[in-house]
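Reviewing the structure listed below.
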Amino acid sequence: MIKVRLLRENKEKFIEYSRGLKIEDILESLGYSSETAVVKRNGKISIEDEYIEDNDELLIIPVISGG
Amino acid sequence: MYCKCGKKAIIFRRYSGEKLCERCFNKSMVERVKKVIRKYSLIEKNDLIGVGVSGGKDSLVLLHILKKLSEKYPFDLIAITIDEGIKGYRDKSIRLVQKNCKSWGIESKIYSFKEEFGYTLDEIVKRDRELSPCSYCGVFRRYLLNKKARELGCDKLAVGHNLDDEVQTILMNFLRGDLSRFGRTGSYYIRLNEKFVPRIKPLREIPEKEDVIYALVNNIDVEFSECPYAGEAYRNNIREFLNKMEMEQPTTKYSLLRSYDKIYPLLAKNLTKEVRYCRNCGEPTIGEICKTCELLENL
Ligand SMILES: [Zn+2]
Ligand SMILES: [Zn+2]
């Protein structure tokens, strides 16, 4: 299971792990893209085409904010 | 993916193909800002730079990078913050501005709509339900930033607009046929009048996403929530469109900026209008009465 925390929505989601899943796939399924979000994977800023491992924790930080 | 230095990369710049680790990314951000400042002579020797700081990521990242540069080059900084009076939002970000300025050793000045104009933005919104809050906010903020920067003796006013902000504005002005606003998005500044402090945008070639990453990497405490006055719907549509195009063609935003930069010098000459002084408040304006006084009269 992958735990995803969405900062903007202030929500937590659980996503079933499957082999070959990339960060960008998760972003897409949540309505984000590499243009609109920065992802921390297990606390570290990560590139979108990294593969996810089971039990990973992702934090989705929206690019639009502040001003 | 790995950085050219061998460490694990934290960013892949699709528009250039670079993969950078934390350290190389940081260095590259400062270098890029320095390059823009040099290329367009945005800062001169012994300048006092007023930095418009809201507490959001862009303006705090700008202040952080300018602070680094001011340690190596001869210019000074002062942070100018406008308190629009947005309860539960701006009060939080103002505390962040004060906290960061204190730890970076930068003088911070705060001026409020309430004190200057008699109303907070929250009060304005209650009085006028026709115009959008953003139309008041934008006009008042620009007016106050300019006035205070001038009174503080600033040579330039630096604002945190990033690449995304700039290309959105450029496309919006094109699509609306609003050429009169074109002068505001230029790469270099034009000194229109001694009472207008030249505005500079050292982050205009930095993608918004990289501002977020820079803030995270440098542990800059920024306000990540959004203004409750949701912003302009039109701009939001343009942002979505540009992000979609950038996903398909990862140089879209830069190409748009470059095209505009080539047109700008041709346009700029024809856009410089005669500047007069507002009959009411004495601030520089194009018309008889400035936009701020006009809006205030209607309240
Ligand atoms: Zn590196
Ligand atoms: Zn006036």
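Scheme for the structure tokens: letters A, B, ... for chains in order shown; per-chain residue numbers from 1; ligand numbers from 1 in order shown.
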
Q: Could you give me, as a list in words, every polymer residue with an atom at most 12 Å away from an atom of ligand 2, counting only C-alpha atoms and all ligand atoms?
A: Phe117, Val139, Phe140, Tyr143, Leu144, Lys147, Arg276, Tyr277, Cys278, Arg279, Asn280, Cys281, Gly282, Glu283, Pro284, Thr285, Ile286, Gly287, Glu288, Ile289, Cys290, Lys291, Thr292, Cys293, Glu294, Leu295, Leu296 and Glu297 of chain B

**Q.** Contacts of region 19-33 of chain A at 7 Å (only C-alpha atoms; same-chain gap of 4+ positions) as a PyMOL selection string
**A.** chain A and resi 37+48-52

Residue hits in chain B, query chain A, radius 7 Å, only C-alpha atoms, as a short mmCIF file (atom, residue, chain, number, x, y, z; two decimals) with all heavy atoms, in the first residue's frame:
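For reference, part_6.cif as written:
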```
data_model
loop_
_atom_site.label_atom_id
_atom_site.label_comp_id
_atom_site.auth_asym_id
_atom_site.auth_seq_id
_atom_site.Cartn_x
_atom_site.Cartn_y
_atom_site.Cartn_z
N ILE B 10 17.39 15.71 -7.80
CA ILE B 10 16.08 16.00 -7.21
C ILE B 10 15.17 16.68 -8.23
O ILE B 10 13.98 16.86 -7.99
CB ILE B 10 16.19 16.91 -5.96
CG1 ILE B 10 16.89 18.23 -6.33
CG2 ILE B 10 16.92 16.20 -4.84
CD1 ILE B 10 16.53 19.37 -5.41
N ILE B 11 15.74 17.09 -9.34
CA ILE B 11 14.90 17.73 -10.36
C ILE B 11 15.37 17.33 -11.75
O ILE B 11 16.57 17.16 -11.99
CB ILE B 11 14.89 19.27 -10.21
CG1 ILE B 11 13.98 19.91 -11.27
CG2 ILE B 11 16.31 19.86 -10.31
CD1 ILE B 11 13.71 21.38 -11.09
N PHE B 12 14.38 17.14 -12.62
CA PHE B 12 14.67 16.93 -14.03
C PHE B 12 14.01 18.08 -14.78
O PHE B 12 12.79 18.21 -14.76
CB PHE B 12 14.10 15.58 -14.50
CG PHE B 12 14.20 15.38 -15.99
CD1 PHE B 12 15.41 15.56 -16.66
CD2 PHE B 12 13.08 15.00 -16.73
CE1 PHE B 12 15.51 15.39 -18.04
CE2 PHE B 12 13.17 14.82 -18.11
CZ PHE B 12 14.38 15.01 -18.76
N SER B 54 5.54 39.20 0.11
CA SER B 54 4.20 38.89 0.61
C SER B 54 4.21 37.79 1.67
O SER B 54 3.30 37.68 2.47
CB SER B 54 3.32 38.44 -0.54
OG SER B 54 3.79 37.19 -1.04
N GLY B 56 4.61 34.66 0.52
CA GLY B 56 4.46 33.48 -0.34
C GLY B 56 5.84 33.03 -0.82
O GLY B 56 6.83 33.71 -0.61
N LYS B 57 5.86 31.88 -1.52
CA LYS B 57 7.15 31.29 -1.89
C LYS B 57 7.98 32.17 -2.83
O LYS B 57 9.18 32.28 -2.65
CB LYS B 57 6.93 29.92 -2.54
CG LYS B 57 6.13 30.05 -3.82
CD LYS B 57 5.89 28.75 -4.49
CE LYS B 57 5.30 28.94 -5.87
NZ LYS B 57 4.20 29.90 -6.00
N GLU B 208 7.79 28.47 -11.91
CA GLU B 208 7.17 28.49 -10.58
C GLU B 208 7.52 27.25 -9.77
O GLU B 208 7.78 27.32 -8.57
CB GLU B 208 5.64 28.60 -10.75
CG GLU B 208 4.91 28.78 -9.45
CD GLU B 208 3.47 29.23 -9.63
OE1 GLU B 208 2.89 28.92 -10.70
OE2 GLU B 208 2.93 29.86 -8.72
N LYS B 209 7.55 26.12 -10.44
CA LYS B 209 7.86 24.88 -9.75
C LYS B 209 9.24 24.92 -9.08
O LYS B 209 9.44 24.37 -8.00
CB LYS B 209 7.81 23.72 -10.75
CG LYS B 209 8.04 22.38 -10.13
CD LYS B 209 8.06 21.28 -11.15
CE LYS B 209 8.47 19.98 -10.48
NZ LYS B 209 8.47 18.87 -11.43
N VAL B 212 9.21 26.63 -5.78
CA VAL B 212 8.74 25.72 -4.72
C VAL B 212 9.89 24.84 -4.25
O VAL B 212 10.15 24.69 -3.05
CB VAL B 212 7.56 24.85 -5.21
CG1 VAL B 212 7.17 23.83 -4.15
CG2 VAL B 212 6.37 25.71 -5.57
N GLU B 223 4.36 30.61 3.22
CA GLU B 223 2.93 30.38 3.33
C GLU B 223 2.50 29.58 2.11
O GLU B 223 2.58 30.05 0.98
CB GLU B 223 2.22 31.75 3.38
CG GLU B 223 0.72 31.69 3.40
CD GLU B 223 0.18 30.95 4.60
OE1 GLU B 223 0.66 31.19 5.72
OE2 GLU B 223 -0.72 30.10 4.41
N PHE B 224 2.06 28.34 2.33
CA PHE B 224 1.69 27.49 1.20
C PHE B 224 0.20 27.53 0.89
O PHE B 224 -0.25 26.97 -0.10
CB PHE B 224 2.14 26.04 1.43
CG PHE B 224 3.50 25.76 0.85
CD1 PHE B 224 4.56 25.36 1.66
CD2 PHE B 224 3.73 25.91 -0.51
CE1 PHE B 224 5.82 25.11 1.12
CE2 PHE B 224 4.99 25.67 -1.06
CZ PHE B 224 6.02 25.27 -0.24
N SER B 225 -0.58 28.19 1.75
CA SER B 225 -2.02 28.23 1.45
C SER B 225 -2.28 29.31 0.40
O SER B 225 -1.42 30.13 0.09
CB SER B 225 -2.82 28.48 2.71
OG SER B 225 -2.48 29.72 3.27
N GLU B 226 -3.49 29.27 -0.17
CA GLU B 226 -3.81 30.21 -1.24
C GLU B 226 -4.70 31.32 -0.71
O GLU B 226 -5.44 31.15 0.25
CB GLU B 226 -4.54 29.47 -2.36
CG GLU B 226 -3.61 28.62 -3.19
CD GLU B 226 -4.36 27.49 -3.88
OE1 GLU B 226 -5.07 27.78 -4.84
OE2 GLU B 226 -4.23 26.34 -3.44
N CYS B 227 -4.65 32.46 -1.38
CA CYS B 227 -5.50 33.58 -0.99
C CYS B 227 -6.97 33.16 -1.07
O CYS B 227 -7.40 32.54 -2.03
CB CYS B 227 -5.24 34.78 -1.91
SG CYS B 227 -6.28 36.18 -1.52
N ASN B 243 0.17 24.93 -18.76
CA ASN B 243 0.75 23.73 -18.14
C ASN B 243 0.53 22.50 -19.01
O ASN B 243 1.40 21.64 -19.11
CB ASN B 243 0.16 23.51 -16.74
CG ASN B 243 0.80 24.42 -15.71
OD1 ASN B 243 1.91 24.91 -15.90
ND2 ASN B 243 0.10 24.66 -14.62
#
```

Q: Using DSSP on the backbone coordinates, identify all residues within region 94-284 of chain B classified as strand (DSSP E); present the result as a list in words.
A: Ser108, Lys109, Ile110, Tyr111, Ser112, Lys156, Leu157, Ala158, Arg199, Ile200, Arg276, Tyr277 and Pro284 of chain B

Restricted to C-alpha atoms, what would the selected residues look like written as an mmCIF file, in the first residue's frame?
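Written out: result.cif:
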```
data_model
loop_
_atom_site.group_PDB
_atom_site.id
_atom_site.type_symbol
_atom_site.label_atom_id
_atom_site.label_comp_id
_atom_site.auth_asym_id
_atom_site.auth_seq_id
_atom_site.Cartn_x
_atom_site.Cartn_y
_atom_site.Cartn_z
ATOM 1 C CA SER B 108 11.290 44.819 7.047
ATOM 2 C CA LYS B 109 8.623 47.495 6.544
ATOM 3 C CA ILE B 110 4.882 46.802 6.624
ATOM 4 C CA TYR B 111 2.175 49.115 5.289
ATOM 5 C CA SER B 112 -1.546 48.441 5.399
ATOM 6 C CA LYS B 156 14.391 49.818 -7.754
ATOM 7 C CA LEU B 157 11.435 47.794 -6.626
ATOM 8 C CA ALA B 158 11.981 44.052 -7.052
ATOM 9 C CA ARG B 199 10.079 47.616 -11.140
ATOM 10 C CA ILE B 200 12.438 44.721 -11.736
ATOM 11 C CA ARG B 276 0.945 63.300 -15.268
ATOM 12 C CA TYR B 277 0.205 63.705 -11.581
ATOM 13 C CA PRO B 284 2.044 59.701 -11.070
#
```

Q) When the cut-off is 12 Å and you count only C-alpha atoms and all ligand atoms, which residues lie near ligand 1, shown as a VMD selection string? A) chain B and resid 1 to 12 18 to 28

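Here CA of Ile213 (chain B) and CA of Leu66 (chain B) stand 17.0 Å from one another.
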
Q | Within 12 Å of Glu12 (chain A) using only C-alpha atoms, minus same-chain residues under 4 positions, as a PyMOL selection string | A | chain A and resi 2-8+30+57-60

Q: Within 12 Å of Val97 (chain B), counting only C-alpha atoms, which residues show up once you throw out same-chain ones fewer than 2 positions away? Write them as JSON, numbers by chain, please.
A: {"B": [51, 52, 53, 54, 55, 56, 57, 59, 60, 61, 63, 64, 78, 79, 80, 81, 82, 83, 90, 91, 92, 93, 94, 95, 99, 100, 101, 102, 103, 104, 105, 106, 107, 108, 109, 110, 220, 221, 222, 223]}

Save out the residues we just selected, N, CA and C atoms, as a compact mmCIF listing (two decimals), in the first residue's frame.
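Resulting contents of out.txt:
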```
# COMPACT_ATOMS: atom_id res chain seq x y z
N VAL B 51 12.29 45.22 -1.87
CA VAL B 51 11.76 43.94 -2.34
C VAL B 51 10.34 43.78 -1.82
N GLY B 52 9.40 43.66 -2.74
CA GLY B 52 8.01 43.44 -2.35
C GLY B 52 7.87 42.01 -1.86
N VAL B 53 7.61 41.84 -0.56
CA VAL B 53 7.58 40.50 0.01
C VAL B 53 6.22 40.23 0.63
N SER B 54 5.54 39.20 0.11
CA SER B 54 4.20 38.89 0.61
C SER B 54 4.21 37.79 1.67
N GLY B 55 5.25 36.97 1.65
CA GLY B 55 5.27 35.81 2.55
C GLY B 55 5.01 34.52 1.80
N GLY B 56 4.61 34.66 0.52
CA GLY B 56 4.46 33.48 -0.34
C GLY B 56 5.84 33.03 -0.82
N LYS B 57 5.86 31.88 -1.52
CA LYS B 57 7.15 31.29 -1.89
C LYS B 57 7.98 32.17 -2.83
N SER B 59 8.17 35.51 -3.43
CA SER B 59 8.84 36.70 -2.91
C SER B 59 9.89 36.33 -1.86
N LEU B 60 9.66 35.27 -1.09
CA LEU B 60 10.68 34.88 -0.11
C LEU B 60 11.88 34.23 -0.78
N VAL B 61 11.64 33.50 -1.86
CA VAL B 61 12.76 32.93 -2.63
C VAL B 61 13.57 34.07 -3.24
N LEU B 63 13.85 37.13 -2.14
CA LEU B 63 14.59 37.81 -1.08
C LEU B 63 15.81 36.99 -0.65
N HIS B 64 15.65 35.68 -0.57
CA HIS B 64 16.73 34.77 -0.16
C HIS B 64 17.89 34.84 -1.16
N ILE B 78 15.84 46.14 1.26
CA ILE B 78 14.86 46.41 2.30
C ILE B 78 13.56 45.70 1.88
N ALA B 79 12.95 45.01 2.81
CA ALA B 79 11.72 44.26 2.46
C ALA B 79 10.50 45.15 2.70
N ILE B 80 9.62 45.20 1.70
CA ILE B 80 8.39 46.00 1.82
C ILE B 80 7.20 45.07 1.71
N THR B 81 6.37 45.07 2.72
CA THR B 81 5.21 44.17 2.74
C THR B 81 3.93 44.98 2.82
N ILE B 82 2.96 44.60 2.00
CA ILE B 82 1.67 45.27 2.03
C ILE B 82 0.68 44.36 2.75
N ASP B 83 0.06 44.90 3.78
CA ASP B 83 -0.98 44.16 4.50
C ASP B 83 -2.34 44.60 3.95
N ARG B 90 -3.40 36.80 5.33
CA ARG B 90 -2.26 37.71 5.29
C ARG B 90 -1.58 37.84 6.65
N ASP B 91 -2.37 37.80 7.75
CA ASP B 91 -1.76 37.90 9.08
C ASP B 91 -0.74 36.79 9.31
N LYS B 92 -1.07 35.58 8.79
CA LYS B 92 -0.13 34.46 8.93
C LYS B 92 1.13 34.69 8.11
N SER B 93 0.93 35.14 6.85
CA SER B 93 2.11 35.30 5.99
C SER B 93 2.98 36.47 6.45
N ILE B 94 2.38 37.48 7.07
CA ILE B 94 3.18 38.61 7.58
C ILE B 94 4.10 38.15 8.71
N ARG B 95 3.59 37.26 9.52
CA ARG B 95 4.46 36.72 10.59
C ARG B 95 5.65 35.97 9.99
N LYS B 99 9.59 36.84 10.51
CA LYS B 99 10.47 35.80 11.02
C LYS B 99 11.69 35.61 10.11
N ASN B 100 11.42 35.49 8.80
CA ASN B 100 12.53 35.28 7.85
C ASN B 100 13.45 36.49 7.77
N CYS B 101 12.87 37.71 7.75
CA CYS B 101 13.70 38.91 7.66
C CYS B 101 14.60 39.01 8.88
N LYS B 102 14.06 38.67 10.02
CA LYS B 102 14.85 38.74 11.25
C LYS B 102 16.04 37.78 11.16
N SER B 103 15.77 36.55 10.72
CA SER B 103 16.87 35.59 10.71
C SER B 103 17.88 35.87 9.59
N TRP B 104 17.45 36.59 8.53
CA TRP B 104 18.39 36.92 7.46
C TRP B 104 19.02 38.30 7.66
N GLY B 105 18.61 39.03 8.70
CA GLY B 105 19.15 40.36 8.96
C GLY B 105 18.76 41.40 7.92
N ILE B 106 17.49 41.34 7.49
CA ILE B 106 17.01 42.32 6.49
C ILE B 106 15.93 43.19 7.14
N GLU B 107 16.03 44.48 6.93
CA GLU B 107 15.02 45.38 7.49
C GLU B 107 13.67 45.15 6.81
N SER B 108 12.61 45.10 7.60
CA SER B 108 11.29 44.82 7.05
C SER B 108 10.30 45.93 7.39
N LYS B 109 9.61 46.43 6.36
CA LYS B 109 8.62 47.50 6.54
C LYS B 109 7.25 46.96 6.13
N ILE B 110 6.23 47.28 6.94
CA ILE B 110 4.88 46.80 6.62
C ILE B 110 3.92 47.98 6.56
N ILE B 220 13.03 27.28 3.64
CA ILE B 220 12.45 28.61 3.82
C ILE B 220 11.00 28.42 4.24
N ASP B 221 10.66 29.02 5.36
CA ASP B 221 9.31 28.88 5.88
C ASP B 221 8.39 29.79 5.06
N VAL B 222 7.57 29.21 4.19
CA VAL B 222 6.69 30.04 3.35
C VAL B 222 5.23 29.68 3.60
N GLU B 223 4.36 30.61 3.22
CA GLU B 223 2.93 30.38 3.33
C GLU B 223 2.50 29.58 2.11
```
